[in-house]
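Presented below is the structure to which this report refers.
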Amino acid sequence: MTDDVKKYFTGLLHKVSGLHCIAITDRDGVPLLSVTLDRTTALALKPTFLSTFTNATDQASKLGLGKNRNIICMYSNYQIVQMNKLPLIVTFVGNQNCNVGHILAIENQIDAYLEDIKLAVTES
(Lines give C-alpha, C1' and ligand atoms only; values in the text may rest on other atoms or scores of the structure.)
Protein backbone atom coordinates (compact mmCIF):
# COMPACT_ATOMS: atom_id res chain seq x y z
CA MET A 1 0.00 0.00 0.00
CA THR A 2 1.52 3.27 -1.01
CA ASP A 3 1.49 6.62 0.69
CA ASP A 4 -0.24 8.01 -2.42
CA VAL A 5 -3.38 6.00 -1.65
CA LYS A 6 -3.48 7.25 1.94
CA LYS A 7 -2.86 10.83 0.77
CA TYR A 8 -5.68 10.55 -1.75
CA PHE A 9 -8.21 9.36 0.83
CA THR A 10 -7.01 11.96 3.34
CA GLY A 11 -7.62 14.58 0.67
CA LEU A 12 -11.13 13.23 0.10
CA LEU A 13 -11.77 13.46 3.83
CA HIS A 14 -11.09 17.20 3.68
CA LYS A 15 -13.01 17.77 0.41
CA VAL A 16 -16.36 16.39 1.57
CA SER A 17 -17.98 18.68 4.11
CA GLY A 18 -18.95 16.88 7.31
CA LEU A 19 -17.01 13.70 6.57
CA HIS A 20 -15.22 12.28 9.64
CA CYS A 21 -13.77 8.99 8.48
CA ILE A 22 -13.04 6.74 5.50
CA ALA A 23 -12.29 3.08 6.18
CA ILE A 24 -11.34 0.39 3.69
CA THR A 25 -11.80 -3.18 4.86
CA ASP A 26 -12.01 -6.64 3.41
CA ARG A 27 -15.43 -8.30 3.30
CA ASP A 28 -14.90 -9.76 6.78
CA GLY A 29 -14.44 -6.31 8.32
CA VAL A 30 -10.66 -6.51 8.71
CA PRO A 31 -9.36 -2.90 8.47
CA LEU A 32 -6.84 -2.31 5.68
CA LEU A 33 -6.76 1.50 5.60
CA SER A 34 -8.41 4.12 7.73
CA VAL A 35 -8.21 7.91 7.69
CA THR A 36 -10.03 9.90 10.35
CA LEU A 37 -10.38 13.46 11.53
CA ASP A 38 -11.25 12.55 15.11
CA ARG A 39 -11.85 9.62 17.45
CA THR A 40 -15.61 10.11 17.79
CA THR A 41 -16.28 7.55 15.06
CA ALA A 42 -14.49 4.69 16.82
CA LEU A 43 -17.66 2.59 17.20
CA ALA A 44 -18.29 2.69 13.46
CA LEU A 45 -14.78 1.32 12.82
CA LYS A 46 -15.17 -1.84 14.89
CA PRO A 47 -14.88 -5.00 12.79
CA THR A 48 -18.21 -6.25 14.16
CA PHE A 49 -19.96 -3.20 12.71
CA LEU A 50 -18.02 -3.20 9.44
CA SER A 51 -18.59 -6.91 8.75
CA THR A 52 -22.40 -6.56 8.95
CA PHE A 53 -22.36 -4.82 5.56
CA THR A 54 -21.53 -8.11 3.84
CA ASN A 55 -24.63 -9.79 5.26
CA ALA A 56 -26.84 -6.78 4.58
CA THR A 57 -25.71 -6.38 0.97
CA ASP A 58 -26.17 -10.11 0.30
CA GLN A 59 -29.74 -9.91 1.63
CA ALA A 60 -30.49 -6.71 -0.32
CA SER A 61 -29.27 -8.36 -3.52
CA LYS A 62 -31.91 -11.09 -3.05
CA LEU A 63 -34.76 -8.60 -3.53
CA GLY A 64 -34.68 -9.19 -7.27
CA LEU A 65 -33.58 -5.66 -8.12
CA GLY A 66 -30.01 -6.56 -9.12
CA LYS A 67 -26.71 -6.50 -7.30
CA ASN A 68 -26.60 -4.12 -4.34
CA ARG A 69 -23.83 -1.50 -4.65
CA ASN A 70 -24.25 0.82 -1.65
CA ILE A 71 -25.97 0.95 1.70
CA ILE A 72 -26.72 4.28 3.35
CA CYS A 73 -27.60 4.43 7.05
CA MET A 74 -28.74 7.59 8.78
CA TYR A 75 -28.60 7.92 12.55
CA SER A 76 -29.32 10.88 14.83
CA ASN A 77 -25.70 12.11 14.77
CA TYR A 78 -24.07 10.25 11.88
CA GLN A 79 -24.58 9.09 8.32
CA ILE A 80 -22.76 6.03 7.05
CA VAL A 81 -22.27 5.14 3.40
CA GLN A 82 -20.83 1.72 2.63
CA MET A 83 -19.77 0.81 -0.90
CA ASN A 84 -19.48 -2.70 -2.27
CA LYS A 85 -16.11 -2.82 -4.08
CA LEU A 86 -15.48 -6.53 -3.61
CA PRO A 87 -13.22 -7.86 -2.31
CA LEU A 88 -13.19 -4.49 -0.48
CA ILE A 89 -15.79 -2.54 1.44
CA VAL A 90 -15.38 1.25 1.61
CA THR A 91 -17.08 2.95 4.56
CA PHE A 92 -17.63 6.70 4.86
CA VAL A 93 -18.74 8.11 8.22
CA GLY A 94 -20.04 11.68 8.30
CA ASN A 95 -22.03 13.91 10.60
CA GLN A 96 -25.78 14.37 10.26
CA ASN A 97 -25.25 17.21 7.75
CA CYS A 98 -22.72 15.41 5.56
CA ASN A 99 -23.45 15.56 1.83
CA VAL A 100 -24.18 11.93 0.90
CA GLY A 101 -24.68 12.90 -2.74
CA HIS A 102 -21.09 14.15 -2.85
CA ILE A 103 -19.86 10.84 -1.44
CA LEU A 104 -21.84 8.86 -4.01
CA ALA A 105 -20.54 11.10 -6.81
CA ILE A 106 -16.92 10.18 -6.07
CA GLU A 107 -17.63 6.43 -6.16
CA ASN A 108 -16.16 5.90 -9.64
CA GLN A 109 -13.16 8.16 -8.92
CA ILE A 110 -11.90 5.98 -6.06
CA ASP A 111 -11.78 2.78 -8.14
CA ALA A 112 -8.30 3.45 -9.53
CA TYR A 113 -6.89 3.98 -6.02
CA LEU A 114 -8.51 0.79 -4.75
CA GLU A 115 -6.80 -1.41 -7.36
CA ASP A 116 -3.52 -1.63 -5.41
CA ILE A 117 -5.36 -2.62 -2.25
CA LYS A 118 -7.54 -5.15 -4.13
CA LEU A 119 -4.43 -6.75 -5.55
CA ALA A 120 -2.88 -7.07 -2.10
CA VAL A 121 -6.05 -8.65 -0.69
CA THR A 122 -6.50 -11.17 -3.50
CA GLU A 123 -2.84 -12.24 -3.37
CA SER A 124 -2.90 -13.01 0.35
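Residues in the C-alpha coordinates are named by chain (A, B, ... in the order shown) and by number from 1 within that chain; ligands are numbered from 1 in the order shown.
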
At a cut-off of 10 Å, using only C-alpha atoms, what residues contact Gln96 of chain A? Leave out same-chain residues fewer than 3 positions from it and give the result as a PyMOL selection string. chain A and resi 18-19+74-80+93+99-100

Put those residues in a file: N, CA and C atoms, as a PDB file, in the first residue's frame.
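Listed below is the output, again.pdb:
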ATOM      1  N   GLY A  18     -18.291  17.696   6.305  1.00  0.00           N
ATOM      2  CA  GLY A  18     -18.951  16.882   7.314  1.00  0.00           C
ATOM      3  C   GLY A  18     -18.464  15.456   7.399  1.00  0.00           C
ATOM      4  N   LEU A  19     -17.522  15.074   6.558  1.00  0.00           N
ATOM      5  CA  LEU A  19     -17.007  13.700   6.574  1.00  0.00           C
ATOM      6  C   LEU A  19     -15.973  13.550   7.679  1.00  0.00           C
ATOM      7  N   MET A  74     -28.676   6.270   8.154  1.00  0.00           N
ATOM      8  CA  MET A  74     -28.735   7.588   8.782  1.00  0.00           C
ATOM      9  C   MET A  74     -29.158   7.433  10.228  1.00  0.00           C
ATOM     10  N   TYR A  75     -28.343   7.965  11.114  1.00  0.00           N
ATOM     11  CA  TYR A  75     -28.597   7.917  12.546  1.00  0.00           C
ATOM     12  C   TYR A  75     -28.802   9.351  13.034  1.00  0.00           C
ATOM     13  N   SER A  76     -29.050   9.535  14.314  1.00  0.00           N
ATOM     14  CA  SER A  76     -29.322  10.878  14.826  1.00  0.00           C
ATOM     15  C   SER A  76     -28.106  11.798  14.691  1.00  0.00           C
ATOM     16  N   ASN A  77     -26.898  11.275  14.853  1.00  0.00           N
ATOM     17  CA  ASN A  77     -25.699  12.113  14.771  1.00  0.00           C
ATOM     18  C   ASN A  77     -24.777  11.803  13.597  1.00  0.00           C
ATOM     19  N   TYR A  78     -24.984  10.671  12.940  1.00  0.00           N
ATOM     20  CA  TYR A  78     -24.065  10.247  11.880  1.00  0.00           C
ATOM     21  C   TYR A  78     -24.815   9.718  10.673  1.00  0.00           C
ATOM     22  N   GLN A  79     -24.125   9.750   9.536  1.00  0.00           N
ATOM     23  CA  GLN A  79     -24.576   9.093   8.321  1.00  0.00           C
ATOM     24  C   GLN A  79     -23.437   8.183   7.882  1.00  0.00           C
ATOM     25  N   ILE A  80     -23.775   6.984   7.478  1.00  0.00           N
ATOM     26  CA  ILE A  80     -22.761   6.026   7.054  1.00  0.00           C
ATOM     27  C   ILE A  80     -23.106   5.537   5.659  1.00  0.00           C
ATOM     28  N   VAL A  93     -17.968   7.700   7.048  1.00  0.00           N
ATOM     29  CA  VAL A  93     -18.743   8.110   8.218  1.00  0.00           C
ATOM     30  C   VAL A  93     -18.735   9.636   8.268  1.00  0.00           C
ATOM     31  N   ASN A  99     -22.841  15.635   3.150  1.00  0.00           N
ATOM     32  CA  ASN A  99     -23.454  15.558   1.826  1.00  0.00           C
ATOM     33  C   ASN A  99     -23.257  14.155   1.244  1.00  0.00           C
ATOM     34  N   VAL A 100     -24.260  13.308   1.383  1.00  0.00           N
ATOM     35  CA  VAL A 100     -24.184  11.932   0.901  1.00  0.00           C
ATOM     36  C   VAL A 100     -24.097  11.893  -0.625  1.00  0.00           C
TER      37      VAL A 100
END

What's around Asp3 of chain A at 12 Å? Count only C-alpha atoms, leave out sequence neighbours fewer than 2 positions away in its own chain, and write the answer as a list in words.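 Residues near the query, excluding close chain neighbours: Met1, Val5, Lys6, Lys7, Tyr8, Phe9, Thr10, Leu33, Tyr113, Asp116 and Ile117 of chain A.
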
Nearest to Phe92 of chain A: which of A:Thr48, A:Gly29, A:Cys73, A:Glu115 is it, counting only C-alpha atoms? A:Cys73

Could you check which of A:Cys98, A:Arg27, A:Arg69, A:Pro87 is closest to Leu119 of chain A, using only C-alpha atoms? A:Pro87

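Closest approach to Leu13 of chain A among A:Thr122, A:Thr25, A:Thr91, A:Asn70 is made by A:Thr91 (distances from only C-alpha atoms).
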